[in-house]
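The file entry-v7.cif contains mmCIF, C-alpha atoms and all ligand atoms:
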data_input
loop_
_atom_site.label_atom_id
_atom_site.label_comp_id
_atom_site.auth_asym_id
_atom_site.auth_seq_id
_atom_site.Cartn_x
_atom_site.Cartn_y
_atom_site.Cartn_z
CA MET A 19 -9.00 49.28 15.60
CA LYS A 20 -5.70 48.43 14.00
CA ILE A 21 -5.57 44.92 12.55
CA ASN A 22 -2.58 43.04 11.16
CA LEU A 23 -3.52 40.48 8.53
CA LYS A 24 -1.54 37.53 7.25
CA ILE A 25 -3.43 36.44 4.13
CA TRP A 26 -2.79 33.46 1.86
CA ARG A 27 -2.07 34.73 -1.67
CA GLN A 28 -1.93 32.29 -4.55
CA ASP A 29 -2.08 33.31 -8.21
CA GLY A 30 -3.76 30.15 -9.41
CA PRO A 31 -4.04 26.40 -8.89
CA LYS A 32 -0.45 25.77 -10.00
CA ASP A 33 1.17 28.59 -8.00
CA SER A 34 2.80 27.52 -4.72
CA GLY A 35 1.30 30.47 -2.77
CA LYS A 36 2.49 32.30 0.34
CA MET A 37 1.30 34.32 3.34
CA VAL A 38 1.41 38.09 2.76
CA ASP A 39 1.27 40.73 5.53
CA TYR A 40 -1.16 43.67 5.45
CA ALA A 41 -1.87 46.31 8.10
CA LEU A 42 -5.28 48.01 8.31
CA ASP A 43 -5.98 51.11 10.42
CA ASN A 44 -9.44 52.41 11.35
CA VAL A 45 -11.22 49.07 11.26
CA SER A 46 -14.68 49.55 12.80
CA PRO A 47 -15.66 46.88 15.36
CA ASP A 48 -19.08 46.88 13.66
CA MET A 49 -17.71 45.79 10.28
CA SER A 50 -18.23 42.20 9.28
CA PHE A 51 -15.12 40.18 8.48
CA LEU A 52 -15.95 40.40 4.76
CA GLU A 53 -16.47 44.17 4.96
CA MET A 54 -13.01 44.42 6.52
CA LEU A 55 -11.64 42.47 3.51
CA ASP A 56 -13.58 44.83 1.18
CA VAL A 57 -11.80 47.80 2.79
CA LEU A 58 -8.44 46.06 2.34
CA ASN A 59 -9.27 45.41 -1.33
CA GLU A 60 -10.27 49.04 -1.93
CA GLN A 61 -6.89 50.09 -0.58
CA LEU A 62 -5.07 47.53 -2.74
CA VAL A 63 -6.94 48.64 -5.88
CA GLY A 64 -6.09 52.27 -5.00
CA LYS A 65 -2.41 51.28 -4.98
CA ASN A 66 -2.75 49.38 -8.30
CA GLU A 67 -2.24 46.08 -6.49
CA GLU A 68 -4.21 42.88 -7.08
CA PRO A 69 -7.18 42.60 -4.66
CA VAL A 70 -7.54 39.47 -2.52
CA ALA A 71 -9.93 36.96 -4.16
CA PHE A 72 -12.50 35.50 -1.75
CA ASP A 73 -15.94 33.94 -2.17
CA HIS A 74 -19.15 35.51 -0.92
CA ASP A 75 -22.73 35.95 -2.05
CA CYS A 76 -25.64 36.42 0.38
CA ARG A 77 -23.65 37.83 3.35
CA GLU A 78 -26.56 36.60 5.49
CA GLY A 79 -25.36 33.13 6.50
CA ILE A 80 -27.53 31.40 3.90
CA CYS A 81 -25.56 30.61 0.75
CA GLY A 82 -22.46 28.87 2.17
CA SER A 83 -19.99 30.68 -0.12
CA CYS A 84 -17.93 32.58 2.40
CA GLY A 85 -15.82 29.89 4.05
CA LEU A 86 -12.42 31.01 5.33
CA MET A 87 -9.95 29.60 7.82
CA ILE A 88 -9.48 32.38 10.37
CA ASN A 89 -6.69 31.81 12.87
CA GLY A 90 -6.90 28.11 12.01
CA GLN A 91 -10.65 27.81 12.67
CA ALA A 92 -13.26 27.33 9.97
CA HIS A 93 -15.42 30.51 9.87
CA GLY A 94 -13.44 32.01 12.77
CA PRO A 95 -13.72 31.93 16.55
CA HIS A 96 -17.49 31.77 17.17
CA ARG A 97 -19.74 28.72 17.10
CA LEU A 98 -22.72 28.65 14.73
CA THR A 99 -21.43 31.69 12.83
CA THR A 100 -20.50 32.00 9.17
CA THR A 101 -17.59 34.22 8.10
CA CYS A 102 -20.02 36.82 6.72
CA GLN A 103 -21.75 37.03 10.11
CA LEU A 104 -18.51 37.35 12.07
CA HIS A 105 -17.86 40.91 13.26
CA MET A 106 -14.55 42.61 13.86
CA ARG A 107 -15.54 43.23 17.50
CA SER A 108 -14.67 39.54 17.95
CA PHE A 109 -11.00 40.63 17.74
CA LYS A 110 -8.88 43.00 19.77
CA ASP A 111 -7.13 46.21 18.70
CA GLY A 112 -3.69 45.27 17.39
CA ASP A 113 -4.56 41.59 16.79
CA THR A 114 -2.80 39.62 14.08
CA ILE A 115 -5.25 37.46 12.11
CA PHE A 116 -4.26 34.58 9.83
CA VAL A 117 -6.64 34.12 6.87
CA GLU A 118 -6.39 31.00 4.72
CA PRO A 119 -8.58 29.08 2.25
CA TRP A 120 -10.15 25.67 2.93
CA ARG A 121 -7.44 23.05 2.54
CA ALA A 122 -8.64 19.76 1.03
CA GLN A 123 -7.64 17.75 -2.03
CA ALA A 124 -11.26 17.77 -3.20
CA PHE A 125 -11.39 21.61 -2.92
CA PRO A 126 -8.54 22.80 -5.19
CA ILE A 127 -7.55 26.44 -4.76
CA ILE A 128 -8.70 28.68 -7.64
CA LYS A 129 -7.02 31.87 -6.41
CA ASP A 130 -6.03 33.29 -3.01
CA LEU A 131 -8.87 32.37 -0.63
CA MET A 132 -11.25 30.92 -3.26
CA VAL A 133 -11.56 27.16 -3.62
CA ASP A 134 -13.40 25.06 -6.17
CA ARG A 135 -16.29 23.25 -4.44
CA ASP A 136 -17.71 21.65 -7.59
CA SER A 137 -17.26 18.28 -5.86
CA PHE A 138 -20.15 19.22 -3.52
CA ASP A 139 -22.32 20.06 -6.54
CA ALA A 140 -21.43 16.71 -8.11
CA ILE A 141 -22.56 14.92 -4.91
CA ILE A 142 -25.89 16.80 -4.93
CA GLN A 143 -26.40 16.12 -8.65
CA SER A 144 -25.82 12.41 -8.10
CA GLY A 145 -28.67 11.96 -5.60
CA GLY A 146 -29.78 15.13 -3.82
CA PHE A 147 -33.23 15.30 -5.38
CA ILE A 148 -36.61 13.58 -5.47
CA SER A 149 -38.41 12.66 -8.66
CA VAL A 150 -41.87 11.82 -7.34
CA ASN A 151 -44.73 14.13 -8.26
CA THR A 152 -45.72 15.69 -4.95
CA GLY A 153 -48.99 16.96 -6.44
CA SER A 154 -51.01 19.99 -5.47
CA ALA A 155 -51.58 21.66 -2.10
CA PRO A 156 -52.64 19.16 0.64
CA ASP A 157 -56.18 19.09 1.99
CA ALA A 158 -56.97 21.28 4.96
CA ASN A 159 -56.08 19.77 8.37
CA GLU A 160 -54.05 17.02 6.77
CA ILE A 161 -50.81 16.41 8.70
CA PRO A 162 -48.82 13.96 6.58
CA VAL A 163 -45.58 14.37 8.58
CA SER A 164 -45.37 14.55 12.37
CA THR A 165 -43.66 17.56 13.96
CA ASP A 166 -40.82 15.36 15.32
CA VAL A 167 -40.07 13.94 11.87
CA SER A 168 -40.39 17.31 10.20
CA ASP A 169 -38.04 18.89 12.79
CA GLU A 170 -35.50 16.11 12.20
CA ALA A 171 -35.61 16.66 8.43
CA MET A 172 -35.44 20.45 8.72
CA ASN A 173 -32.47 20.29 11.13
CA ALA A 174 -30.57 18.32 8.48
CA ALA A 175 -31.84 20.68 5.75
CA GLU A 176 -30.08 23.58 7.47
CA CYS A 177 -26.77 22.55 5.86
CA ILE A 178 -25.67 25.39 3.56
CA GLY A 179 -22.92 23.41 1.79
CA CYS A 180 -20.14 25.68 3.03
CA GLY A 181 -17.48 22.98 3.37
CA ALA A 182 -16.32 23.92 6.90
CA CYS A 183 -16.85 20.29 7.94
CA VAL A 184 -14.36 19.16 5.29
CA ALA A 185 -11.87 21.91 6.13
CA SER A 186 -11.93 21.18 9.86
CA CYS A 187 -11.65 17.39 9.50
CA LYS A 188 -8.14 15.92 9.71
CA ASN A 189 -9.19 13.48 6.96
CA ALA A 190 -10.94 16.13 4.82
CA SER A 191 -14.05 13.97 5.04
CA ALA A 192 -17.36 15.17 3.56
CA MET A 193 -19.45 12.79 5.67
CA LEU A 194 -21.26 15.51 7.66
CA PHE A 195 -22.34 17.31 4.48
CA VAL A 196 -23.42 14.12 2.69
CA SER A 197 -25.16 12.78 5.79
CA ALA A 198 -27.14 16.03 6.15
CA LYS A 199 -28.37 15.75 2.56
CA VAL A 200 -29.16 12.03 2.87
CA SER A 201 -30.97 12.46 6.22
CA HIS A 202 -32.96 15.46 5.04
CA MET A 203 -34.53 13.57 2.16
CA GLY A 204 -34.52 10.09 3.68
CA THR A 205 -36.55 11.31 6.67
CA LEU A 206 -39.50 12.61 4.63
CA PRO A 207 -42.09 10.52 2.76
CA GLN A 208 -41.24 12.20 -0.56
CA GLY A 209 -37.67 10.96 -0.28
CA GLN A 210 -38.48 7.28 0.23
CA PRO A 211 -38.73 5.95 -3.37
CA GLU A 212 -35.05 6.76 -4.10
CA ARG A 213 -33.71 6.43 -0.55
CA MET A 214 -31.52 3.36 -1.10
CA LYS A 215 -30.29 4.42 -4.54
CA ARG A 216 -29.62 7.96 -3.30
CA VAL A 217 -27.29 6.97 -0.48
CA GLN A 218 -25.31 4.63 -2.75
CA LYS A 219 -24.88 7.25 -5.44
CA MET A 220 -23.96 10.12 -3.12
CA VAL A 221 -21.40 8.03 -1.22
CA GLN A 222 -19.90 6.79 -4.49
CA THR A 223 -19.60 10.37 -5.85
CA MET A 224 -18.12 11.53 -2.55
CA ASP A 225 -15.47 8.80 -2.68
CA GLU A 226 -14.66 9.52 -6.34
CA ALA A 227 -14.15 13.23 -5.54
CA GLY A 228 -11.23 12.40 -3.22
CA PHE A 229 -12.70 13.19 0.22
CA GLY A 230 -11.25 11.23 3.14
CA ASN A 231 -13.06 8.85 5.46
CA CYS A 232 -14.79 9.71 8.74
CA THR A 233 -12.95 8.59 11.88
CA ASN A 234 -15.54 9.97 14.33
CA THR A 235 -13.51 12.85 15.76
CA SER A 236 -16.55 15.18 15.48
CA ALA A 237 -14.44 18.25 14.58
CA CYS A 238 -16.97 18.78 11.76
CA GLU A 239 -19.87 19.17 14.19
CA VAL A 240 -17.92 21.64 16.34
CA GLU A 241 -17.09 23.90 13.38
CA CYS A 242 -20.36 23.58 11.43
CA PRO A 243 -22.01 27.03 11.35
CA LYS A 244 -25.46 25.45 11.17
CA GLY A 245 -25.07 22.96 14.01
CA ILE A 246 -25.51 19.83 11.87
CA SER A 247 -25.23 16.87 14.22
CA VAL A 248 -22.96 13.85 13.69
CA THR A 249 -26.01 11.69 14.46
CA ASN A 250 -26.75 12.24 10.77
CA ILE A 251 -23.52 10.34 9.98
CA ALA A 252 -24.85 7.37 11.98
CA LYS A 253 -28.07 7.55 9.92
CA LEU A 254 -26.05 7.71 6.70
CA ASN A 255 -24.04 4.64 7.73
CA ALA A 256 -27.24 2.75 8.60
CA ASP A 257 -28.86 3.59 5.24
CA TYR A 258 -25.65 2.77 3.37
CA LEU A 259 -25.45 -0.66 5.05
CA ARG A 260 -29.15 -1.33 4.45
CA SER A 261 -28.90 -0.31 0.78
CA THR A 262 -25.79 -2.49 0.27
CA VAL A 263 -27.50 -5.56 1.76
CA ALA A 264 -30.69 -4.82 -0.22
CA SER A 265 -28.78 -4.61 -3.52
CA GLU A 266 -27.01 -7.90 -2.74
CA VAL A 267 -30.38 -9.55 -2.06
CA ASP A 268 -31.77 -8.09 -5.32
CA ALA A 269 -28.80 -9.35 -7.38
S1 LIG A 301 -22.59 20.17 7.32
FE1 LIG A 301 -22.24 22.20 8.24
S2 LIG A 301 -20.09 22.61 7.85
FE2 LIG A 301 -20.68 20.97 6.46
S3 LIG A 301 -21.29 21.93 4.56
FE3 LIG A 301 -23.16 21.70 5.78
S4 LIG A 301 -23.34 23.62 6.91
FE4 LIG A 301 -21.23 23.57 6.16
S1 LIG A 302 -21.85 34.93 2.07
FE1 LIG A 302 -23.53 33.56 2.07
S2 LIG A 302 -23.26 32.40 3.88
FE2 LIG A 302 -21.70 33.91 4.00
#
Starting from the file, lay out its structure as C-alpha cells.
Ligand code: SF4
Ligand code: FES
Amino acid sequence: MKINLKIWRQDGPKDSGKMVDYALDNVSPDMSFLEMLDVLNEQLVGKNEEPVAFDHDCREGICGSCGLMINGQAHGPHRLTTTCQLHMRSFKDGDTIFVEPWRAQAFPIIKDLMVDRDSFDAIIQSGGFISVNTGSAPDANEIPVSTDVSDEAMNAAECIGCGACVASCKNASAMLFVSAKVSHMGTLPQGQPERMKRVQKMVQTMDEAGFGNCTNTSACEVECPKGISVTNIAKLNADYLRSTVASEVDA
C-alpha cells in the first residue's frame, strides 16, 4: 500500500508546530499503525532527519501510552481499539492520513505527537488507592463480593488511562477517566473507608489540572478504547454530592 501522511511536528512545548507531509510506499496491510510509524522513522533516520516522537509501551492495548488523533478520531476509526492495535488494513491504498497529538490544556505537548499526561498521575496519586490492610488469602468458599458487583468494579477497572476521553471531549473533560477510577474502588468493600474523601480529592485535583467540565455529550464513551460507560459519571456525581453533604454535616 502507498500511504500519504500528514503528521503534526512540534519541536517542543514552546514551538508553534505544523503539519508535515510524508509519503510511504510498501506499507503492509498487516502492520500496526505504530509499526508503520516505526518504518517512517527508520527512513527519516536513514536520511539524517529527526524521527517523529510518539508514545508507546506495551503495544498490546494495556498501558494506555499510544494515544493519537488519527483523521480527527482518538485512536483512529475503529471502536474499542487502541492505536497500537489498529492495523493498516483499516485504510485504503493511496489514503491520506492526518496524525495529531491529543489536544487539551491539561496535556501540554512535549514533542511532535507526545503529550504530558502527568495530570492523570496527579489525579491517581490524590485518591486512586486504598490504605486498608486486606489481609491474607480468603477462606475457601468465601464469596465476599457478588458477581454483579465484581463485574461492575472490573468494568470500571478496564480504564487504561489513555486520555482519549479528554481528547475527544469538546470541553477536554476528564470526567470519564476520573469516574472510572472512583467507581472501580467505590464499588468494592476495600474501597469504602476512603470513598467520600477519595472522590473529593480526585475531583479537586482534576479541576486544578485545568480539565473542562462534563456537558453530557458522551463523545468520551464513543471513543474510549475500553468501553468505559458514562454511567460511571453519574456514579461519580452521586458520590461527589453525597461526600459534599456529609462534609457539611460533619463541619
Ligand atoms: S476512560 Fe477510556 S478513554 Fe478515558 S482514559 Fe480510561 S480508557 Fe482511556
Ligand atoms: S502501546 Fe500500550 S496501549 Fe498501546
**Asked** Of the candidates A:Ser197, A:Asn250, A:Thr223, A:Ser164, which shows the shortest atom-to-atom distance to A:Gln143, using all atoms listed in the file?
**Response** A:Thr223
**Request:** Output the neighbourhood of ligand LIG 302 (chain A) as a ChimeraX atom specification, that is, all protein and nucleic acid residues with some atom at most 7 Å from the ligand, counting all atoms listed in the file.
**Result:** /A:74-84,100-103
**Complete:** Expressed in Å, the length from atom CA of A:Ser46 to atom CA of A:Ile178 is 28.1 Å
Proximity check chain A to ligand LIG 301 (chain A), 6 Å, nearest pairs one decimal Å, all atoms listed in the file, as CSV:
residue,atom,partner,partner_atom,distance
A:Cys177,CA,A:LIG301,FE3,3.7
A:Ile178,CA,A:LIG301,S4,4.4
A:Gly179,CA,A:LIG301,S3,3.5
A:Cys180,CA,A:LIG301,FE4,3.9
A:Gly181,CA,A:LIG301,S3,4.1
A:Ala182,CA,A:LIG301,S2,4.1
A:Cys183,CA,A:LIG301,S2,4.0
A:Leu194,CA,A:LIG301,S1,4.9
A:Phe195,CA,A:LIG301,S1,4.0
A:Cys242,CA,A:LIG301,S2,3.7
A:Pro243,CA,A:LIG301,FE1,5.7
A:Lys244,CA,A:LIG301,S4,5.1
A:Ile246,CA,A:LIG301,S1,5.4
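Considering all atoms listed in the file, the residue among A:Cys187, A:Ile161, A:Leu131, A:Met49 positioned nearest to A:Gly35 is A:Leu131.
The shell of residues at most 10 Å from A:Val184, with only C-alpha atoms counted and near chain neighbours (fewer than 4 positions) removed, consists of Ala92, Trp120, Arg121, Ala122, Ala124, Phe125, Cys180, Lys188, Asn189, Ala190, Ser191, Ala192, Met193, Leu194, Phe195, Phe229, Gly230, Ala237, Cys238, Glu241 and Cys242 of chain A.
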**Request:** One decimal, Å: what's the distance from atom CA of A:Leu206 over to atom CA of A:Ala171, could you say?
**Result:**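 Separation of atom CA of A:Leu206 and atom CA of A:Ala171: 6.8 Å.
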**Prompt:** By how many Å are atom CA of A:Leu23 and atom CA of A:Met132 apart?
**Reply:**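 A separation of 17.0 Å between them.
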**Asked** If you count all atoms listed in the file, which residues fall within 12 Å of A:Met214, apart from same-chain ones fewer than 2 positions away, as a PyMOL selection string?
**Response** chain A and resi 145+200-201+203-204+209-212+216-221+254-265
**Prompt:** So which residues touch A:Arg27 within 7 Å, counting all atoms listed in the file, skipping near sequence neighbours fewer than 4 positions away, as a ChimeraX atom specification?
**Reply:** /A:35-38,130
Hey, can you spit out that residue selection with C-alpha atoms as a compact mmCIF listing (two decimals), in the frame of the given file?
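Just written: again-v2.txt:
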# COMPACT_ATOMS: atom_id res chain seq x y z
CA GLY A 35 1.30 30.47 -2.77
CA LYS A 36 2.49 32.30 0.34
CA MET A 37 1.30 34.32 3.34
CA VAL A 38 1.41 38.09 2.76
CA ASP A 130 -6.03 33.29 -3.01
**Complete:** In terms of only C-alpha atoms, the residue from A:Lys129, A:His93, A:Lys110, A:Lys65 at minimal distance from A:Asp29 is A:Lys129
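Residue nearest A:Gly90, chosen from A:Pro162, A:Gly64, A:Pro156, A:Pro119 and counting only C-alpha atoms: A:Pro119.
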**Item:** Spatial neighbours of A:Ser137, max dist 8 Å, only C-alpha atoms, sep filter under 2 positions, as a list in words
**Value:**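 The neighbour list is Ala124, Phe125, Asp134, Arg135, Asp139, Ala140, Ile141, Met224 and Ala227 of chain A.
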**Prompt:** Within 9 Å of A:Asp39, counting only C-alpha atoms, which residues qualify if same-chain residues fewer than 4 places away don't, as a list in words?
**Reply:**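 In the requested format, the answer is Asn22, Leu23, Lys24 and Ile25 of chain A.
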